[in-house]
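Participant: Structure file input_14.txt, compact mmCIF, C-alpha atoms, is pasted below:
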```
# COMPACT_ATOMS: atom_id res chain seq x y z
CA MET A 139 146.52 132.34 76.19
CA THR A 140 148.28 129.07 75.33
CA ALA A 141 147.35 126.89 72.37
CA PRO A 142 145.64 123.56 73.12
CA THR A 143 148.05 120.69 73.58
CA PRO A 144 147.86 117.70 71.24
CA HIS A 145 145.64 114.78 72.13
CA PRO A 146 147.46 112.75 74.83
CA SER A 147 147.77 109.70 72.59
CA THR A 148 149.66 111.72 69.97
CA GLN A 149 152.19 113.34 72.33
CA GLY A 150 155.68 113.03 70.91
CA LEU A 151 154.50 112.01 67.43
CA THR A 152 155.58 114.31 64.62
CA PRO A 153 153.83 113.69 61.28
CA TYR A 154 155.55 114.31 57.97
CA PRO A 155 153.14 116.43 55.89
CA VAL A 156 152.63 115.30 52.31
CA GLY A 157 149.91 115.61 49.68
CA LEU A 158 148.70 112.33 48.19
CA LEU A 159 147.77 112.25 44.50
CA LEU A 160 145.11 109.54 44.52
CA ALA A 161 143.50 109.98 41.11
CA GLY A 162 142.80 106.55 39.64
CA ARG A 163 144.39 104.77 42.62
CA ARG A 164 142.61 102.25 44.84
CA VAL A 165 141.58 103.59 48.26
CA VAL A 166 139.74 101.43 50.78
CA VAL A 167 137.40 102.93 53.37
CA VAL A 168 136.18 100.58 56.09
CA GLY A 169 133.03 101.81 57.79
CA GLY A 170 130.07 103.73 56.36
CA GLY A 171 129.02 105.99 59.23
CA GLN A 172 129.32 109.70 59.92
CA VAL A 173 133.13 109.78 59.85
CA ALA A 174 133.23 108.16 56.43
CA GLN A 175 130.49 110.51 55.26
CA ARG A 176 132.70 113.48 56.15
CA ARG A 177 135.87 112.04 54.64
CA LEU A 178 134.52 110.63 51.38
CA PRO A 179 133.80 113.90 49.48
CA ALA A 180 137.49 114.89 49.56
CA LEU A 181 138.54 111.44 48.31
CA ILE A 182 135.94 111.65 45.56
CA ALA A 183 137.17 115.13 44.59
CA ALA A 184 140.72 113.74 44.44
CA GLY A 185 139.59 111.20 41.83
CA ALA A 186 140.38 108.15 43.96
CA GLU A 187 139.04 104.72 43.05
CA ILE A 188 137.13 104.23 46.29
CA HIS A 189 136.06 100.85 47.68
CA LEU A 190 133.81 101.19 50.73
CA ILE A 191 133.47 98.11 52.94
CA SER A 192 130.62 98.20 55.43
CA PRO A 193 127.42 96.21 56.12
CA ALA A 194 125.47 99.47 56.34
CA THR A 195 125.94 103.16 55.52
CA THR A 196 124.33 106.50 56.15
CA PRO A 197 121.81 107.64 53.51
CA ALA A 198 124.34 110.20 52.22
CA VAL A 199 127.03 107.56 51.72
CA SER A 200 124.53 105.25 50.06
CA ALA A 201 123.65 108.08 47.67
CA MET A 202 127.33 108.41 46.74
CA ALA A 203 127.38 104.72 45.88
CA ASP A 204 124.16 105.01 43.88
CA ALA A 205 125.70 107.90 41.92
CA GLY A 206 128.69 105.74 41.01
CA GLU A 207 131.16 107.86 42.99
CA LEU A 208 132.38 104.81 44.90
CA THR A 209 131.98 101.04 45.01
CA TRP A 210 130.13 99.79 48.08
CA HIS A 211 130.89 96.25 49.22
CA GLN A 212 127.94 95.62 51.52
CA ARG A 213 129.60 93.25 53.98
CA PRO A 214 132.00 93.24 56.96
CA TYR A 215 135.73 93.72 56.49
CA ALA A 216 137.76 90.60 55.68
CA ASP A 217 141.50 90.05 55.68
CA GLY A 218 142.82 90.63 52.16
CA ASP A 219 140.60 93.65 51.43
CA LEU A 220 143.62 95.95 51.31
CA ALA A 221 145.35 94.11 48.46
CA ASP A 222 146.64 96.53 45.81
CA THR A 223 145.55 99.50 47.93
CA TRP A 224 147.43 102.78 48.07
CA TYR A 225 145.67 104.29 51.09
CA ALA A 226 143.22 103.05 53.71
CA LEU A 227 140.86 104.85 56.03
CA VAL A 228 139.33 103.00 58.98
CA ALA A 229 136.17 104.51 60.40
CA THR A 230 134.13 101.85 62.21
CA ASP A 231 132.90 101.86 65.81
CA ASP A 232 134.39 98.38 66.44
CA PRO A 233 137.96 98.62 67.87
CA ALA A 234 138.66 94.99 66.94
CA VAL A 235 137.86 95.64 63.27
CA ASN A 236 139.92 98.83 63.28
CA THR A 237 142.87 96.99 64.77
CA ALA A 238 142.61 94.19 62.22
CA VAL A 239 142.56 96.63 59.31
CA SER A 240 145.54 98.48 60.77
CA ALA A 241 147.45 95.22 61.10
CA GLU A 242 146.84 94.28 57.47
CA ALA A 243 147.85 97.76 56.37
CA GLU A 244 151.08 97.44 58.35
CA ARG A 245 151.90 94.09 56.72
CA LEU A 246 151.22 95.42 53.23
CA ARG A 247 152.92 98.77 53.87
CA VAL A 248 149.73 100.68 53.12
CA PHE A 249 149.37 104.01 54.89
CA CYS A 250 146.31 103.82 57.10
CA SER A 251 144.30 106.48 58.91
CA ARG A 252 142.19 105.57 61.95
CA SER A 253 139.33 107.65 63.26
CA ASP A 254 139.40 106.06 66.72
CA ASP A 255 143.12 106.08 67.60
CA ALA A 256 145.53 108.40 65.84
CA SER A 257 148.48 106.97 67.73
CA ALA A 258 147.82 103.53 66.20
CA ALA A 259 147.60 104.92 62.66
CA THR A 260 150.33 105.46 60.11
CA ALA A 261 148.60 108.48 58.56
CA TRP A 262 146.61 111.37 59.96
CA THR A 263 143.82 113.11 58.08
CA PRO A 264 144.42 116.86 58.32
CA ALA A 265 141.78 119.50 58.77
CA SER A 266 141.79 120.93 55.26
CA GLY A 267 140.22 123.75 53.31
CA HIS A 268 140.57 125.33 49.89
CA ASP A 269 140.94 128.82 48.50
CA SER A 270 141.81 129.97 44.99
CA GLY A 271 143.46 126.71 43.99
CA ALA A 272 145.40 126.35 47.24
CA THR A 273 144.81 123.58 49.78
CA VAL A 274 145.37 124.41 53.44
CA ALA A 275 145.98 121.38 55.64
CA VAL A 276 146.55 121.57 59.40
CA LEU A 277 147.88 118.82 61.67
CA THR A 278 148.19 119.41 65.43
CA GLY A 279 147.38 116.02 66.95
CA ASP A 280 144.09 117.45 68.25
CA PRO A 281 141.36 117.39 65.57
CA ARG A 282 139.43 120.25 67.17
CA HIS A 283 142.47 122.50 67.34
CA SER A 284 143.38 121.59 63.74
CA ALA A 285 139.88 122.48 62.54
CA ALA A 286 139.91 125.81 64.39
CA LEU A 287 143.26 126.78 62.86
CA ARG A 288 142.11 125.64 59.42
CA ASP A 289 138.95 127.74 59.66
CA SER A 290 140.88 130.85 60.69
CA ILE A 291 143.43 130.51 57.90
CA VAL A 292 140.90 129.81 55.14
CA ALA A 293 138.61 132.61 56.33
CA GLY A 294 141.54 135.01 56.29
CA LEU A 295 142.49 134.02 52.76
CA ARG A 296 138.95 134.33 51.54
CA ASP A 297 138.15 137.73 53.01
CA GLY A 298 141.60 139.15 52.29
CA SER A 299 142.53 139.77 55.94
CA LEU A 300 145.41 137.30 55.69
CA ALA A 301 148.18 139.15 53.88
CA ALA A 302 148.99 136.82 51.01
CA ARG A 303 147.99 139.14 48.19
CA GLN A 304 151.45 139.35 46.73
CA TYR A 305 151.18 135.67 45.83
CA ARG A 306 147.75 135.98 44.25
CA ALA A 307 148.12 138.60 41.54
CA ARG A 308 145.09 138.60 39.27
CA ASP A 309 145.27 138.78 35.52
CA ALA A 310 144.06 142.01 33.96
CA GLY A 311 140.30 142.07 33.54
CA VAL A 312 137.04 143.10 35.15
CA ALA A 313 134.94 141.50 37.88
CA LEU A 314 131.34 142.61 38.22
CA VAL A 315 130.75 142.03 41.93
CA GLY A 316 127.42 142.23 43.70
CA GLY A 317 128.05 143.76 47.12
CA GLY A 318 124.71 142.80 48.63
CA PRO A 319 122.04 145.00 50.22
CA GLY A 320 124.29 147.20 52.38
CA ASP A 321 125.60 145.27 55.35
CA PRO A 322 129.28 144.59 54.49
CA ASP A 323 129.01 141.11 56.00
CA LEU A 324 126.49 140.16 53.30
CA ILE A 325 128.88 140.28 50.35
CA THR A 326 129.69 136.79 49.08
CA VAL A 327 132.94 135.09 50.01
CA ARG A 328 134.10 135.19 46.39
CA GLY A 329 133.16 138.84 46.02
CA ARG A 330 135.19 139.80 49.07
CA ARG A 331 138.13 137.71 47.87
CA LEU A 332 138.22 139.45 44.48
CA LEU A 333 137.81 142.85 46.10
CA ALA A 334 140.89 142.15 48.24
CA ASP A 335 142.92 141.53 45.06
CA ALA A 336 141.74 144.57 43.11
CA ASP A 337 144.05 147.19 41.62
CA VAL A 338 141.11 149.46 40.83
CA VAL A 339 137.61 149.53 42.35
CA VAL A 340 134.76 151.32 40.59
CA ALA A 341 132.08 151.59 43.26
CA ASP A 342 128.38 152.41 43.16
CA ARG A 343 126.76 154.71 45.69
CA LEU A 344 124.83 151.73 47.10
CA ALA A 345 127.85 149.43 47.39
CA PRO A 346 128.86 148.66 51.01
CA ARG A 347 131.09 151.62 51.89
CA GLU A 348 132.78 149.89 54.83
CA LEU A 349 134.43 147.44 52.43
CA LEU A 350 136.29 150.26 50.72
CA ALA A 351 137.94 151.27 53.97
CA GLU A 352 139.61 147.84 54.17
CA LEU A 353 141.40 148.21 50.83
CA PRO A 354 145.20 148.64 50.77
CA PRO A 355 146.51 152.17 50.07
CA HIS A 356 147.68 151.29 46.54
CA VAL A 357 144.14 150.48 45.34
CA GLU A 358 142.56 153.23 43.26
CA VAL A 359 138.90 153.77 44.19
CA ILE A 360 136.68 155.48 41.64
CA ASP A 361 133.26 156.71 42.75
CA ALA A 362 130.96 155.79 39.85
CA SER A 363 128.21 158.08 41.13
CA LYS A 364 130.45 161.10 40.42
CA ILE A 365 131.26 160.23 36.81
CA PRO A 366 129.73 163.15 34.86
CA TYR A 367 127.72 163.80 31.69
CA GLY A 368 124.24 162.69 32.64
CA ARG A 369 122.59 159.32 33.19
CA TYR A 370 123.19 157.69 29.81
CA MET A 371 126.64 159.16 29.30
CA ALA A 372 127.50 158.27 32.90
CA GLN A 373 126.95 154.59 32.12
CA GLU A 374 129.00 154.90 28.95
CA ALA A 375 131.74 156.61 30.95
CA ILE A 376 131.68 153.82 33.53
CA ASN A 377 132.02 151.24 30.75
CA ASN A 378 134.98 153.13 29.32
CA THR A 379 136.59 153.41 32.75
CA LEU A 380 136.41 149.66 33.26
CA ILE A 381 137.83 148.95 29.82
CA GLU A 382 140.63 151.52 29.99
CA HIS A 383 141.97 150.31 33.35
CA ALA A 384 141.72 146.65 32.36
CA LYS A 385 143.58 147.31 29.10
CA ALA A 386 146.24 149.10 31.14
CA GLY A 387 146.95 145.76 32.84
CA LYS A 388 144.87 146.30 35.97
CA PHE A 389 142.45 143.97 37.73
CA VAL A 390 139.27 146.01 38.09
CA VAL A 391 136.39 145.29 40.44
CA ARG A 392 133.08 146.95 39.60
CA LEU A 393 131.45 146.92 43.05
CA LYS A 394 127.69 147.24 42.97
CA GLY A 395 124.91 147.18 45.51
CA GLY A 396 122.69 144.11 45.47
CA ASP A 397 123.19 141.87 42.43
CA PRO A 398 124.81 143.10 39.19
CA TYR A 399 121.96 141.79 37.05
CA VAL A 400 118.97 142.96 39.13
CA PHE A 401 118.43 146.49 37.83
CA GLY A 402 122.17 147.04 38.18
CA ARG A 403 123.11 147.48 34.51
CA GLY A 404 125.55 144.63 34.84
CA GLY A 405 124.50 143.29 31.49
CA GLU A 406 125.43 146.56 29.77
CA GLU A 407 128.86 146.56 31.40
CA LEU A 408 129.42 142.92 30.50
CA LEU A 409 128.57 143.54 26.85
CA ALA A 410 130.82 146.59 26.68
CA CYS A 411 133.77 144.67 28.12
CA VAL A 412 133.21 141.63 25.89
CA GLU A 413 133.01 143.83 22.79
CA ALA A 414 136.31 145.46 23.84
CA GLY A 415 137.97 142.07 24.33
CA VAL A 416 138.26 142.45 28.11
CA PRO A 417 137.77 139.24 30.15
CA VAL A 418 134.92 139.51 32.67
CA THR A 419 134.00 137.58 35.81
CA VAL A 420 130.50 137.97 37.21
CA VAL A 421 129.95 137.41 40.93
CA PRO A 422 126.27 137.32 41.92
CA GLY A 423 125.22 139.29 44.96
CA ILE A 424 122.40 139.02 47.48
CA SER A 425 119.61 141.07 45.93
CA SER A 426 117.94 143.69 48.10
CA SER A 427 114.61 142.52 46.67
CA ILE A 428 114.64 139.49 48.97
CA SER A 429 117.23 140.30 51.64
CA VAL A 430 115.89 143.68 52.75
CA PRO A 431 112.34 142.39 53.32
CA ALA A 432 113.84 139.43 55.19
CA ALA A 433 115.87 141.76 57.41
CA ALA A 434 112.65 143.63 58.23
CA GLY A 435 110.75 140.45 59.13
CA ILE A 436 108.96 140.00 55.81
CA PRO A 437 109.18 136.69 53.90
CA VAL A 438 108.51 137.41 50.24
CA THR A 439 106.84 133.98 49.98
CA HIS A 440 104.86 132.10 52.61
CA ARG A 441 103.23 128.69 52.35
CA GLY A 442 99.48 128.89 51.89
CA LEU A 443 99.60 132.63 51.26
CA THR A 444 101.46 133.25 48.02
CA HIS A 445 102.88 131.15 45.22
CA GLU A 446 104.89 133.87 43.53
CA PHE A 447 106.69 137.13 44.03
CA THR A 448 107.43 139.71 41.36
CA VAL A 449 110.27 142.21 41.41
CA ILE A 450 109.59 145.46 39.56
CA SER A 451 111.64 148.58 38.94
CA GLY A 452 109.70 151.65 39.98
CA HIS A 453 112.23 154.00 38.49
CA VAL A 454 109.72 154.68 35.74
CA GLY A 455 106.16 154.83 37.05
CA PRO A 456 102.92 154.13 35.17
CA GLY A 457 102.81 156.01 31.89
CA ASP A 458 104.04 155.96 28.32
CA ARG A 459 107.67 155.08 29.15
CA SER A 460 106.93 152.22 31.54
CA LEU A 461 107.58 148.70 30.21
CA THR A 462 105.55 147.14 33.02
CA ASN A 463 102.04 145.83 32.36
CA TRP A 464 100.52 147.35 35.50
CA GLU A 465 97.06 145.98 34.72
CA ALA A 466 98.43 142.42 34.66
CA VAL A 467 100.49 143.08 37.80
CA ALA A 468 97.40 144.32 39.65
CA LYS A 469 95.57 141.09 38.92
CA MET A 470 98.35 138.93 40.39
CA THR A 471 97.72 137.58 43.88
CA GLY A 472 101.31 137.21 45.04
CA THR A 473 103.88 139.54 46.54
CA LEU A 474 105.11 142.61 44.70
CA VAL A 475 108.56 143.96 45.48
CA LEU A 476 109.34 147.41 44.14
CA LEU A 477 112.88 148.77 43.83
CA MET A 478 113.72 152.44 43.14
CA ALA A 479 110.04 153.32 43.60
CA VAL A 480 109.99 155.88 46.45
CA ASP A 481 109.22 158.84 44.18
CA LYS A 482 106.61 156.95 42.17
CA ILE A 483 104.88 154.87 44.84
CA GLY A 484 101.78 157.10 45.01
CA ALA A 485 101.16 156.76 41.27
CA ILE A 486 101.98 153.06 41.30
CA ALA A 487 99.59 152.37 44.18
CA ALA A 488 96.81 154.28 42.46
CA GLU A 489 97.39 152.35 39.24
CA LEU A 490 97.23 149.01 41.05
CA VAL A 491 94.00 149.95 42.82
CA ALA A 492 92.49 151.24 39.57
CA HIS A 493 93.12 147.84 37.98
CA GLY A 494 91.58 145.83 40.80
CA ARG A 495 94.12 145.35 43.59
CA ALA A 496 92.39 145.89 46.94
CA ALA A 497 92.97 149.32 48.45
CA ASP A 498 93.55 147.77 51.89
CA THR A 499 96.41 145.55 50.64
CA PRO A 500 99.25 145.80 53.19
CA VAL A 501 102.38 147.68 52.15
CA ALA A 502 105.73 148.01 53.90
CA VAL A 503 108.59 150.33 53.05
CA VAL A 504 112.06 149.41 54.32
CA GLN A 505 114.60 152.21 54.09
CA GLU A 506 118.35 151.48 54.13
CA GLY A 507 117.71 147.81 54.83
CA THR A 508 120.32 145.64 56.60
CA THR A 509 122.26 148.73 57.75
CA ALA A 510 122.40 150.38 61.19
CA THR A 511 119.91 153.02 60.00
CA GLN A 512 117.27 150.59 58.73
CA ARG A 513 113.68 151.56 59.39
CA ARG A 514 110.32 150.16 58.36
CA VAL A 515 107.06 152.00 57.72
CA ASP A 516 103.75 150.19 57.15
CA ALA A 517 100.66 151.38 55.30
CA THR A 518 98.14 150.18 52.71
CA LEU A 519 97.86 150.78 48.99
CA ALA A 520 95.32 153.49 49.75
CA THR A 521 97.61 155.37 52.12
CA ILE A 522 101.18 154.53 51.07
CA GLY A 523 101.73 157.63 48.94
CA GLU A 524 100.92 160.12 51.69
CA THR A 525 102.63 157.93 54.33
CA VAL A 526 105.93 157.93 52.44
CA ALA A 527 105.76 161.72 52.11
CA ALA A 528 104.79 162.26 55.74
CA GLU A 529 107.53 159.96 57.05
CA GLY A 530 110.18 161.53 54.86
CA ILE A 531 111.21 158.22 53.30
CA LYS A 532 114.26 158.59 51.08
CA PRO A 533 116.04 156.16 48.76
CA PRO A 534 117.37 153.55 48.99
CA ALA A 535 114.21 151.78 50.04
CA VAL A 536 112.47 148.54 49.14
CA ILE A 537 108.68 148.45 49.00
CA VAL A 538 106.76 145.22 49.61
CA ILE A 539 103.08 144.86 48.67
CA GLY A 540 100.97 141.89 49.73
CA ASP A 541 99.67 139.83 52.61
CA VAL A 542 103.19 138.64 53.52
CA VAL A 543 103.78 142.08 55.04
CA GLY A 544 101.78 141.05 58.10
CA VAL A 545 102.99 137.46 58.52
CA LEU A 546 105.55 138.18 61.23
CA ASN A 547 104.31 141.64 62.19
CA PRO A 548 100.51 141.45 62.30
```
Will you turn the file into structure tokens for me?
Facilitator:
Amino acid sequence: MTAPTPHPSTQGLTPYPVGLLLAGRRVVVVGGGQVAQRRLPALIAAGAEIHLISPATTPAVSAMADAGELTWHQRPYADGDLADTWYALVATDDPAVNTAVSAEAERLRVFCSRSDDASAATAWTPASGHDSGATVAVLTGDPRHSAALRDSIVAGLRDGSLAARQYRARDAGVALVGGGPGDPDLITVRGRRLLADADVVVADRLAPRELLAELPPHVEVIDASKIPYGRYMAQEAINNTLIEHAKAGKFVVRLKGGDPYVFGRGGEELLACVEAGVPVTVVPGISSSISVPAAAGIPVTHRGLTHEFTVISGHVGPGDRSLTNWEAVAKMTGTLVLLMAVDKIGAIAAELVAHGRAADTPVAVVQEGTTATQRRVDATLATIGETVAAEGIKPPAVIVIGDVVGVLNP
């Protein structure tokens, strides 16, 4: 398969790639339509002193002017507008105006980019992207081909599939990374990027296992679920593992299922690292409390049906040790999402009914949500306990209680 050829008008033209430092320097943009709307954010991010010349703009460009990010001269272009300008961008739909701006730029020796005719310009705007402080800019003469190459390169850098790790060594420290609900594609871009740079990965049982298979051979993977000494001591041992490896000069990723701070003990690990003087980065993850119901066709909120949803840990059911006010929860009218509640759902359902929640309230249990083995079982508060037992539901599972259960699956 051959690569696309450059646009015919740019055949034989070879641009000289260079990065312009435009902070505090006058840049003139002529035209306030969609092209300008796409180009302006990068100029703003570069700190340029932007003067936009156009009788009208898109609402987004007008908002940039209202926010003081650029100066909008609400009029047509006039000869002399490029005085004292370092760089010009022409983006109108009038060829005569574009030609006039190009001519002035040529006289004043101002580099000028044209959206309508690259061959008549003295500068081309590359397809650009950013990753970890690096700017990737691609010029091919064909904007579509440039954008496609840019997207592939940036995606490879972000997910670690492009082998540039030797140039991106991380400082010693710990990253608490939320891996999402189970599907490896649902980890965040930043989470996957940090995982690709790890020296050591301490992984939860619910972290996406497929991601571990992509790690280079030199990465040490520690299964946190096998760290011994009981539940409390296990967490203390995990904290010590993170600290010891970080203090040994390693970049450690603590890979968790869901989000580190949603019943993931991320706060405890953060405090332990901070107290030990270990720098910590926290990368939020997609919580199973909202993503798993969504994957099973359940919106946790729905207009006209519920104004709130409450996420509760069912690890400790109703009783002396529970910190949940089950009576207050039962009186709420919105959606309840229970995590780690498979073993306690019978007792929880009975408690909710005893405090006034209707026994026929719909309930759905989604086991291993977002994975290839996902399955959903529906019941009511009156029947959910026996249904879970009869269906052999096992953790991990998310339980949703409320009328939203039937919105897309009546």
Participant: Kindly indicate which residue among A:Gly171, A:Pro214, A:Leu546, A:Ala180 lies nearest to A:Val199, using all atoms listed in the file for the distances.
Facilitator: A:Gly171
Participant: Compile the contact shell of stretch 341-346 of chain A as a ChimeraX atom specification: residues with an atom at most 9 Å away, counting all atoms listed in the file, same-chain residues fewer than 5 positions apart removed.
Facilitator: /A:316-322,325,359-363,391-396,534
Participant: Restricting the output to C-alpha atoms, write the selected residues as a tab-separated table (two decimals), keeping the file's coordinate frame.
Facilitator:
```
chain	number	residue	atom	x	y	z
A	316	GLY	CA	127.42	142.23	43.70
A	317	GLY	CA	128.05	143.76	47.12
A	318	GLY	CA	124.71	142.80	48.63
A	319	PRO	CA	122.04	145.00	50.22
A	320	GLY	CA	124.29	147.20	52.38
A	321	ASP	CA	125.60	145.27	55.35
A	322	PRO	CA	129.28	144.59	54.49
A	325	ILE	CA	128.88	140.28	50.35
A	359	VAL	CA	138.90	153.77	44.19
A	360	ILE	CA	136.68	155.48	41.64
A	361	ASP	CA	133.26	156.71	42.75
A	362	ALA	CA	130.96	155.79	39.85
A	363	SER	CA	128.21	158.08	41.13
A	391	VAL	CA	136.39	145.29	40.44
A	392	ARG	CA	133.08	146.95	39.60
A	393	LEU	CA	131.45	146.92	43.05
A	394	LYS	CA	127.69	147.24	42.97
A	395	GLY	CA	124.91	147.18	45.51
A	396	GLY	CA	122.69	144.11	45.47
A	534	PRO	CA	117.37	153.55	48.99
```
Participant: Hey, what's within 8 Å of A:Val167 if we count only C-alpha atoms and toss same-chain stuff fewer than 2 positions away? As a tab-separated table (two decimals) with C-alpha atoms, keeping the file's coordinate frame, please?
Facilitator:
```
chain	number	residue	atom	x	y	z
A	165	VAL	CA	141.58	103.59	48.26
A	169	GLY	CA	133.03	101.81	57.79
A	170	GLY	CA	130.07	103.73	56.36
A	174	ALA	CA	133.23	108.16	56.43
A	188	ILE	CA	137.13	104.23	46.29
A	189	HIS	CA	136.06	100.85	47.68
A	190	LEU	CA	133.81	101.19	50.73
A	191	ILE	CA	133.47	98.11	52.94
A	226	ALA	CA	143.22	103.05	53.71
A	227	LEU	CA	140.86	104.85	56.03
A	228	VAL	CA	139.33	103.00	58.98
A	229	ALA	CA	136.17	104.51	60.40
```
Participant: For the atom pair atom CA of A:Glu407 and atom CA of A:Gly311, what is the interatomic distance in Å to one decimal place?
Facilitator: 12.5 Å
Participant: For atom CA of A:Arg513 and atom CA of A:Ser429, quote the distance in Å rounded to one decimal.
Facilitator: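 Going from atom CA of A:Arg513 over to atom CA of A:Ser429 covers 14.1 Å.
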Participant: Can you tell me which residues surround A:Thr499 at a distance of at most 12 Å, considering all atoms listed in the file, apart from same-chain residues fewer than 4 positions away, and format the answer as a PyMOL selection string?
Facilitator: chain A and resi 468+471-474+487-488+490-491+494-495+516-522+538-544
Participant: Keeping only C-alpha atoms, take the residues you just selected and write them out as a compact mmCIF listing (two decimals), keeping the file's coordinate frame.
Facilitator:
```txt
# COMPACT_ATOMS: atom_id res chain seq x y z
CA ALA A 468 97.40 144.32 39.65
CA THR A 471 97.72 137.58 43.88
CA GLY A 472 101.31 137.21 45.04
CA THR A 473 103.88 139.54 46.54
CA LEU A 474 105.11 142.61 44.70
CA ALA A 487 99.59 152.37 44.18
CA ALA A 488 96.81 154.28 42.46
CA LEU A 490 97.23 149.01 41.05
CA VAL A 491 94.00 149.95 42.82
CA GLY A 494 91.58 145.83 40.80
CA ARG A 495 94.12 145.35 43.59
CA ASP A 516 103.75 150.19 57.15
CA ALA A 517 100.66 151.38 55.30
CA THR A 518 98.14 150.18 52.71
CA LEU A 519 97.86 150.78 48.99
CA ALA A 520 95.32 153.49 49.75
CA THR A 521 97.61 155.37 52.12
CA ILE A 522 101.18 154.53 51.07
CA VAL A 538 106.76 145.22 49.61
CA ILE A 539 103.08 144.86 48.67
CA GLY A 540 100.97 141.89 49.73
CA ASP A 541 99.67 139.83 52.61
CA VAL A 542 103.19 138.64 53.52
CA VAL A 543 103.78 142.08 55.04
CA GLY A 544 101.78 141.05 58.10
```
Participant: Report as a list in words all protein, DNA and RNA residues lying within 9 Å of A:His383, evaluated on all atoms listed in the file, omitting residues in the same chain fewer than 5 positions from it.
Facilitator: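 The residues satisfying every condition are Ala310, Gly311, Val312, Val338, Asn378, Lys388, Phe389 and Val390 of chain A.
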Participant: Between atom CA of A:Ala433 and atom CA of A:Gly507, what is the spacing in Å?
Facilitator: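 Atom CA of A:Gly507 sits 6.8 Å away from atom CA of A:Ala433.
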Participant: Just checking: using all atoms listed in the file, which residue out of A:Gln373, A:Thr439, A:Ser451, A:Thr419 ends up closest to A:Val400?
Facilitator: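 Checking each of A:Gln373, A:Thr439, A:Ser451, A:Thr419 against A:Val400, counting all atoms listed in the file, the winner is A:Ser451.
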Participant: Restricting the calculation to all atoms listed in the file: of A:Leu277, A:Ile486, A:Val292, A:Leu443, which residue gets closest to A:Ser460?
Facilitator: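 Checking each candidate against A:Ser460, we get A:Ile486 as the closest.
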Participant: Which residue out of A:Glu374, A:Ala496, A:Ser251, A:Ala527 has the minimum interatomic distance to A:Asp481 when only C-alpha atoms are used?
Facilitator: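 Smallest separation from A:Asp481 among the options: A:Ala527.
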